[in-house]
Structures are given as structure tokens and as C-alpha cells.
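**Q** File final32.cif below, mmCIF, C-alpha atoms and all ligand atoms:
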```cif
data_model
loop_
_atom_site.label_atom_id
_atom_site.label_comp_id
_atom_site.auth_asym_id
_atom_site.auth_seq_id
_atom_site.Cartn_x
_atom_site.Cartn_y
_atom_site.Cartn_z
CA MET A 344 0.00 0.00 0.00
CA SER A 345 1.35 3.44 -0.90
CA ILE A 346 2.19 5.81 1.92
CA GLN A 347 -0.43 8.22 0.60
CA ARG A 348 -3.19 5.62 0.72
CA SER A 349 -2.05 4.41 4.10
CA VAL A 350 -2.14 7.94 5.58
CA VAL A 351 -5.52 8.74 4.05
CA ARG A 352 -6.93 5.51 5.49
CA ALA A 353 -5.54 6.49 8.87
CA LEU A 354 -7.31 9.87 8.68
CA HIS A 355 -10.62 8.01 8.48
CA SER A 356 -9.76 5.32 11.00
CA THR A 357 -11.83 4.92 14.15
CA HIS A 358 -9.01 2.98 15.84
CA LEU A 359 -6.55 5.62 16.96
CA GLU A 360 -4.99 3.86 19.91
CA HIS A 361 -1.21 3.90 20.22
CA ASP A 362 0.80 0.69 20.20
CA PRO A 363 4.48 1.03 21.12
CA ASP A 364 5.28 -2.24 19.35
CA GLN A 365 3.95 -1.38 15.90
CA GLU A 366 2.95 1.50 13.66
CA THR A 367 -0.74 2.33 13.94
CA ALA A 368 -3.13 4.82 12.34
CA ILE A 369 -2.41 7.46 14.99
CA ASP A 370 1.30 7.36 14.10
CA ARG A 371 0.43 8.11 10.46
CA VAL A 372 -2.01 10.87 11.38
CA MET A 373 0.61 12.49 13.63
CA ALA A 374 3.30 12.17 10.95
CA LEU A 375 1.06 14.00 8.50
CA GLY A 376 0.42 16.67 11.12
CA HIS A 377 4.17 17.23 11.51
CA ALA A 378 4.92 17.34 7.78
CA ASP A 379 5.06 20.49 5.65
CA PRO A 380 1.84 22.42 6.47
CA LEU A 381 0.91 23.21 2.86
CA GLY A 382 1.70 19.71 1.63
CA SER A 383 -0.16 18.13 4.52
CA LEU A 384 -3.26 20.25 3.87
CA LEU A 385 -3.03 19.55 0.14
CA TRP A 386 -3.12 15.81 0.87
CA ARG A 387 -6.12 16.23 3.14
CA LEU A 388 -7.92 18.30 0.51
CA LYS A 389 -7.15 16.11 -2.49
CA TRP A 390 -7.04 12.59 -1.10
CA SER A 391 -9.33 12.85 1.90
CA ASP A 392 -11.92 15.27 0.43
CA ASP A 393 -11.55 17.52 3.48
CA LEU A 394 -12.99 20.72 2.01
CA SER A 395 -12.70 22.54 5.34
CA VAL A 396 -8.97 23.01 4.73
CA GLN A 397 -9.36 24.74 1.35
CA PRO A 398 -9.19 28.34 2.71
CA ALA A 399 -6.03 27.48 4.66
CA VAL A 400 -4.49 25.85 1.58
CA LEU A 401 -5.15 28.95 -0.52
CA HIS A 402 -3.80 31.23 2.21
CA LEU A 403 -0.53 29.27 2.50
CA LEU A 404 -0.20 28.95 -1.26
CA VAL A 405 -0.64 32.69 -1.75
CA ARG A 406 1.96 33.40 0.94
CA ARG A 407 4.49 31.07 -0.69
CA THR A 408 3.78 32.15 -4.27
CA ARG A 409 3.40 35.91 -3.97
CA SER A 410 6.27 38.10 -4.97
CA HIS A 411 5.35 41.72 -5.71
CA GLU A 412 2.00 41.16 -7.43
CA SER A 413 -1.28 42.49 -6.13
CA LEU A 414 -2.96 40.20 -3.63
CA SER A 415 -6.10 39.81 -5.75
CA MET A 416 -4.08 38.79 -8.82
CA ILE A 417 -2.05 36.15 -7.02
CA GLN A 418 -5.18 34.84 -5.31
CA ARG A 419 -6.73 34.23 -8.75
CA VAL A 420 -3.53 32.56 -9.96
CA CYS A 421 -3.36 30.33 -6.87
CA ALA A 422 -7.04 29.41 -7.11
CA LEU A 423 -6.45 28.32 -10.71
CA ALA A 424 -3.34 26.32 -9.80
CA LEU A 425 -5.19 24.63 -6.94
CA HIS A 426 -8.14 23.82 -9.19
CA GLU A 427 -5.77 22.19 -11.69
CA TYR A 428 -4.07 20.19 -8.92
CA LEU A 429 -7.40 18.91 -7.65
CA HIS A 430 -8.79 18.11 -11.13
CA ASP A 431 -5.75 16.83 -12.98
CA LEU A 432 -7.10 13.63 -14.51
CA CYS A 433 -6.94 13.39 -18.27
CA ARG A 434 -10.52 13.58 -19.50
CA PRO A 435 -10.28 11.32 -22.58
CA CYS A 436 -8.89 8.35 -20.59
CA GLY A 437 -10.20 9.21 -17.12
CA GLY A 438 -6.68 9.10 -15.70
CA ARG A 439 -5.97 5.49 -16.73
CA GLY A 440 -3.47 6.40 -19.44
CA ILE A 441 -5.05 3.97 -21.88
CA VAL A 442 -8.08 4.14 -24.11
CA ILE A 443 -10.14 1.23 -25.39
CA ALA A 444 -11.47 1.46 -28.93
CA ALA A 445 -14.93 0.18 -29.94
CA ASN A 446 -13.30 -3.05 -31.21
CA GLY A 447 -11.76 -3.66 -27.76
CA VAL A 448 -8.19 -2.77 -28.72
CA LYS A 449 -6.33 -0.95 -25.96
CA SER A 450 -3.87 1.80 -26.78
CA ARG A 451 -1.94 4.45 -24.96
CA CYS A 452 -3.94 7.65 -24.53
CA SER A 453 -2.65 10.19 -27.03
CA ALA A 454 -4.04 13.16 -25.07
CA CYS A 455 -1.85 12.53 -22.00
CA ARG A 456 0.73 10.21 -23.59
CA GLY A 457 -0.18 7.53 -21.10
CA GLU A 458 0.49 9.59 -17.98
CA GLY A 459 -3.15 9.96 -16.99
CA THR A 460 -2.85 13.60 -16.05
CA GLU A 461 -3.79 16.69 -17.96
CA THR A 462 -1.86 19.91 -18.38
CA PRO A 463 -4.28 22.65 -19.41
CA SER A 464 -3.43 24.70 -22.47
CA PRO A 465 -2.68 28.43 -22.22
CA SER A 466 -6.00 29.20 -23.93
CA ARG A 467 -7.93 27.18 -21.36
CA ARG A 468 -6.10 28.86 -18.50
CA ALA A 469 -6.75 32.28 -20.08
CA GLN A 470 -10.46 31.42 -20.27
CA ARG A 471 -10.56 30.43 -16.61
CA LEU A 472 -8.80 33.64 -15.62
CA ARG A 473 -11.03 35.65 -17.97
CA VAL A 474 -8.14 37.30 -19.78
CA SER A 475 -7.00 37.12 -23.40
CA GLU A 476 -4.49 34.42 -24.30
CA THR A 477 -1.97 37.14 -25.14
CA GLU A 478 -2.38 38.70 -21.71
CA TYR A 479 -2.25 35.27 -20.11
CA LEU A 480 1.08 34.48 -21.74
CA ARG A 481 2.52 37.94 -21.00
CA VAL A 482 1.36 38.33 -17.39
CA TYR A 483 0.04 35.13 -15.88
CA ASP A 484 1.85 32.12 -17.34
CA SER A 485 5.02 32.38 -15.25
CA ARG A 486 2.98 33.02 -12.11
CA VAL A 487 0.75 30.00 -12.71
CA ALA A 488 3.92 27.93 -13.23
CA ARG A 489 5.29 29.29 -9.94
CA ALA A 490 2.11 28.36 -8.05
CA ARG A 491 2.00 24.91 -9.67
CA GLY A 492 5.64 24.36 -8.76
CA CYS A 493 4.93 25.34 -5.17
CA ILE A 494 2.06 22.85 -4.99
CA GLU A 495 4.11 20.05 -6.54
CA ARG A 496 7.08 20.60 -4.22
CA ALA A 497 4.89 20.77 -1.10
CA SER A 498 2.91 17.69 -2.07
CA LYS A 499 6.00 15.63 -2.92
CA SER A 500 7.87 16.68 0.21
CA VAL A 501 5.07 15.29 2.38
CA SER A 502 5.77 11.73 1.19
CA ALA A 503 9.43 11.95 2.17
CA GLN A 504 8.66 13.69 5.48
CA VAL A 505 5.96 11.21 6.49
CA LEU A 506 8.20 8.25 5.64
CA ASP A 507 10.98 9.88 7.62
CA LEU A 508 8.76 10.58 10.63
CA LEU A 509 7.56 6.98 10.58
CA GLY A 510 11.17 5.78 10.50
CA LYS A 511 10.81 4.22 7.05
CA ASN A 512 13.56 6.21 5.34
CA LYS A 513 16.60 4.17 6.23
CA CYS A 514 20.02 5.34 5.16
ZN ZN B 1 -5.19 10.35 -21.09
#
```
How would this structure read if it were set down as C-alpha cells?
**A**
Amino acid sequence: MSIQRSVVRALHSTHLEHDPDQETAIDRVMALGHADPLGSLLWRLKWSDDLSVQPAVLHLLVRRTRSHESLSMIQRVCALALHEYLHDLCRPCGGRGIVIAANGVKSRCSACRGEGTETPSPSRRAQRLRVSETEYLRVYDSRVARARGCIERASKSVSAQVLDLLGKNKC
């Protein structure tokens, strides 16, 4: 079982008693609580459907992403980046990376090249931000990339931190 699945299961566990002889759900919940705050909240939002953390996620993401832009602009950028993170499955293949033709033949999904995730086009992002594609590319594109990078780093760092806190990262 992946560490992500194991932690998400622990978040929903009703057995949170501690056992000094083995790792239990409470150990995983506590490890997540001690991991990077943004990454930890991102996991709760995406994998545990905990919508109550969404305002805190946006707040932390804005703080980490903002440089000298106006607050309202970076909030829109971060909301877009968060939306993309939460809804990243490739639509043609549903995230499986393969498509099945009417004759039953399976093939790699050409839309996502088999990865199962979707990277929105500049025109789609411009539409969501309600700006022209030219303005998107000139003003917003690098900022969206910055916010997406921040999300990816925070989310990935949680795996390593949780494994470390659970003593599973042996040197
Ligand atoms: Zn696909």
C-alpha cells in the first residue's frame, strides 16, 4: 500500500490507539500533522476530500507564491493552480493512461501520452482567468507555473517527510 493511501486511510480510522510495538493509524495521522503544512493540507484536501482546509491551503499557497504582485491577482492565480491540482485527470482516458477502442483494442492515450494527467493549455487557463491568451502568456503564465511548482514541491515533500517521521527512510 502506498504511503499516501495508508495515511488517508488512517485519517478516516476509528481505531486511533497507540501501540508502542507497531505502527498504527495514529502514528500516520501524527506524521502527516508534523509534515510540511501546505503539503499536509493539500493531501487532506485532495485525497481525503476535506474541504474545510481549502481556505487554509489557498492562504498558505498565496503566501508562498506571492512576490510583488497584487494580492487579488495572485489569489486568482493560486485558485487556478489549486483547481488544476485537484482536477488533474486526463478527461479522454479518465486518468488510466489507456483508451479502449470500440473493437476492444487498448492503446496508450494520445491526449496525456499515457500519464493519466492533464496539463491545461494556455488558452484554457486564459479562459478560466477571464483574460486574453496574449495577456495570459505575458502576465500570468510564469505566475501559474510558480504556483504549480509550489504545490508540486509541497505535495511531494510530504511523502518523504511522512516516511521519515515513521522511520521508514533508512540510510
Ligand atoms: Zn489520457
**Q** Need the shell around Gly457 (chain A): protein/DNA/RNA residues with any atom at most 8 Å away, counting only C-alpha atoms. Skip same-chain ones fewer than 6 positions apart. Format as a PDB file with C-alpha atoms, in the coordinates of the input?
**A**
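For reference, around25.pdb as written:
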```pdb
ATOM      1  CA  ARG A 439      -5.970   5.490 -16.730  1.00  0.00           C
ATOM      2  CA  GLY A 440      -3.470   6.400 -19.440  1.00  0.00           C
ATOM      3  CA  ILE A 441      -5.050   3.970 -21.880  1.00  0.00           C
ATOM      4  CA  ARG A 451      -1.940   4.450 -24.960  1.00  0.00           C
TER       5      ARG A 451
END
```
**Q** Any idea what's packed within 7 Å of region 386-396 of chain A, counting all atoms listed in the file, ignoring anything in its chain fewer than 2 positions away? Could you give it as a list in words?
**A**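 Skipping anything fewer than 2 positions along the chain leaves Val351, Gly382, Ser383, Leu384, Pro398, Ala399, Val400, Leu429 and Ser498 of chain A.
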**Q** Go through the chains and note each residue within 9 Å of ligand ZN 1 (chain B), using only C-alpha atoms and all ligand atoms, then give the set as a PDB file with C-alpha atoms, keeping the file's coordinate frame.
**A**
```pdb
ATOM      1  CA  LEU A 432      -7.100  13.630 -14.510  1.00  0.00           C
ATOM      2  CA  CYS A 433      -6.940  13.390 -18.270  1.00  0.00           C
ATOM      3  CA  ARG A 434     -10.520  13.580 -19.500  1.00  0.00           C
ATOM      4  CA  PRO A 435     -10.280  11.320 -22.580  1.00  0.00           C
ATOM      5  CA  CYS A 436      -8.890   8.350 -20.590  1.00  0.00           C
ATOM      6  CA  GLY A 437     -10.200   9.210 -17.120  1.00  0.00           C
ATOM      7  CA  GLY A 438      -6.680   9.100 -15.700  1.00  0.00           C
ATOM      8  CA  ARG A 439      -5.970   5.490 -16.730  1.00  0.00           C
ATOM      9  CA  GLY A 440      -3.470   6.400 -19.440  1.00  0.00           C
ATOM     10  CA  ILE A 441      -5.050   3.970 -21.880  1.00  0.00           C
ATOM     11  CA  VAL A 442      -8.080   4.140 -24.110  1.00  0.00           C
ATOM     12  CA  ARG A 451      -1.940   4.450 -24.960  1.00  0.00           C
ATOM     13  CA  CYS A 452      -3.940   7.650 -24.530  1.00  0.00           C
ATOM     14  CA  SER A 453      -2.650  10.190 -27.030  1.00  0.00           C
ATOM     15  CA  ALA A 454      -4.040  13.160 -25.070  1.00  0.00           C
ATOM     16  CA  CYS A 455      -1.850  12.530 -22.000  1.00  0.00           C
ATOM     17  CA  ARG A 456       0.730  10.210 -23.590  1.00  0.00           C
ATOM     18  CA  GLY A 457      -0.180   7.530 -21.100  1.00  0.00           C
ATOM     19  CA  GLU A 458       0.490   9.590 -17.980  1.00  0.00           C
ATOM     20  CA  GLY A 459      -3.150   9.960 -16.990  1.00  0.00           C
ATOM     21  CA  THR A 460      -2.850  13.600 -16.050  1.00  0.00           C
ATOM     22  CA  GLU A 461      -3.790  16.690 -17.960  1.00  0.00           C
TER      23      GLU A 461
END
```
**Q** For Glu478 (chain A), which of A:Ser466, A:Ala422, A:Gln365, A:Thr357 is the closest residue, counting only C-alpha atoms?
**A**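 Nearest to Glu478 (chain A): A:Ser466.
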**Q** Padding of 8 Å on every side, edges along x, y and z, all listed atoms of region 394-399 of chain A included: what centre and edge lengths in Å, to one decimal, does that box have, as AutoDock Vina command-line options?
**A**
```
--center_x -9.5 --center_y 24.5 --center_z 3.3 --size_x 23.0 --size_y 23.6 --size_z 20.0
```
**Q** Which one of A:Arg471, A:Gly376, A:Lys511, A:Thr462 sits closest to His430 (chain A) if you count only C-alpha atoms?
**A**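 Of all the options, A:Thr462 lies closest to His430 (chain A).
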**Q** Between CA of Val350 (chain A) and CA of Glu366 (chain A), what distance in Å does the model show, to one decimal?
**A**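 Distance reported for this atom pair: 11.5 Å.
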**Q** Just the number, please: distance in Å from CA of Thr367 (chain A) to CA of Ser500 (chain A), one decimal.
**A**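 Taking CA of Thr367 (chain A) as the start and CA of Ser500 (chain A) as the end point, the length is 21.6 Å.
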**Q** Can you measure CA of Val501 (chain A) to CA of His426 (chain A) for me? One decimal in Å is fine.
**A**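 These atoms are spaced 19.5 Å apart.
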**Q** For Cys421 (chain A), which residue out of A:Arg486, A:Lys449, A:Lys499, A:Arg348 is the nearest one, using all atoms listed in the file?
**A**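 Counting all atoms listed in the file, the residue closest to Cys421 (chain A) is A:Arg486.
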**Q** Find the residue from A:Gln397, A:Ser356, A:Gln418, A:Thr477 that sits nearest to Asp370 (chain A); use all atoms listed in the file when measuring.
**A**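 Looking at the shortest contact to Asp370 (chain A), the residue is A:Ser356.
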**Q** Missing atoms in region 427-443 of chain A: can you complete it with N, CA and C atoms, as an mmCIF file, in the coordinates of the input?
**A**
```cif
data_model
loop_
_atom_site.group_PDB
_atom_site.id
_atom_site.type_symbol
_atom_site.label_atom_id
_atom_site.label_comp_id
_atom_site.auth_asym_id
_atom_site.auth_seq_id
_atom_site.Cartn_x
_atom_site.Cartn_y
_atom_site.Cartn_z
ATOM 1 N N GLU A 427 -6.437 23.137 -10.780
ATOM 2 C CA GLU A 427 -5.770 22.190 -11.690
ATOM 3 C C GLU A 427 -5.175 21.006 -10.922
ATOM 4 N N TYR A 428 -4.633 21.266 -9.746
ATOM 5 C CA TYR A 428 -4.070 20.190 -8.920
ATOM 6 C C TYR A 428 -5.164 19.206 -8.498
ATOM 7 N N LEU A 429 -6.312 19.748 -8.142
ATOM 8 C CA LEU A 429 -7.400 18.910 -7.650
ATOM 9 C C LEU A 429 -8.102 18.146 -8.788
ATOM 10 N N HIS A 430 -8.078 18.719 -9.984
ATOM 11 C CA HIS A 430 -8.790 18.110 -11.130
ATOM 12 C C HIS A 430 -7.802 17.865 -12.253
ATOM 13 N N ASP A 431 -6.829 17.006 -12.005
ATOM 14 C CA ASP A 431 -5.750 16.830 -12.980
ATOM 15 C C ASP A 431 -5.879 15.574 -13.838
ATOM 16 N N LEU A 432 -6.974 14.849 -13.709
ATOM 17 C CA LEU A 432 -7.100 13.630 -14.510
ATOM 18 C C LEU A 432 -7.373 13.971 -15.972
ATOM 19 N N CYS A 433 -6.717 13.244 -16.830
ATOM 20 C CA CYS A 433 -6.940 13.390 -18.270
ATOM 21 C C CYS A 433 -8.389 12.999 -18.567
ATOM 22 N N ARG A 434 -9.113 13.867 -19.247
ATOM 23 C CA ARG A 434 -10.520 13.580 -19.500
ATOM 24 C C ARG A 434 -10.753 12.448 -20.501
ATOM 25 N N PRO A 435 -10.013 12.407 -21.627
ATOM 26 C CA PRO A 435 -10.280 11.320 -22.580
ATOM 27 C C PRO A 435 -10.105 9.913 -22.005
ATOM 28 N N CYS A 436 -9.131 9.724 -21.106
ATOM 29 C CA CYS A 436 -8.890 8.350 -20.590
ATOM 30 C C CYS A 436 -9.292 8.207 -19.125
ATOM 31 N N GLY A 437 -9.781 9.284 -18.515
ATOM 32 C CA GLY A 437 -10.200 9.210 -17.120
ATOM 33 C C GLY A 437 -9.062 8.960 -16.157
ATOM 34 N N GLY A 438 -7.835 9.253 -16.585
ATOM 35 C CA GLY A 438 -6.680 9.100 -15.700
ATOM 36 C C GLY A 438 -6.020 7.733 -15.787
ATOM 37 N N ARG A 439 -6.539 6.841 -16.644
ATOM 38 C CA ARG A 439 -5.970 5.490 -16.730
ATOM 39 C C ARG A 439 -4.735 5.430 -17.640
ATOM 40 N N GLY A 440 -4.623 6.388 -18.528
ATOM 41 C CA GLY A 440 -3.470 6.400 -19.440
ATOM 42 C C GLY A 440 -3.666 5.533 -20.670
ATOM 43 N N ILE A 441 -4.751 4.789 -20.703
ATOM 44 C CA ILE A 441 -5.050 3.970 -21.880
ATOM 45 C C ILE A 441 -6.485 4.243 -22.325
ATOM 46 N N VAL A 442 -6.722 4.032 -23.588
ATOM 47 C CA VAL A 442 -8.080 4.140 -24.110
ATOM 48 C C VAL A 442 -8.423 2.811 -24.790
ATOM 49 N N ILE A 443 -9.693 2.483 -24.781
ATOM 50 C CA ILE A 443 -10.140 1.230 -25.390
ATOM 51 C C ILE A 443 -11.071 1.579 -26.553
#
```
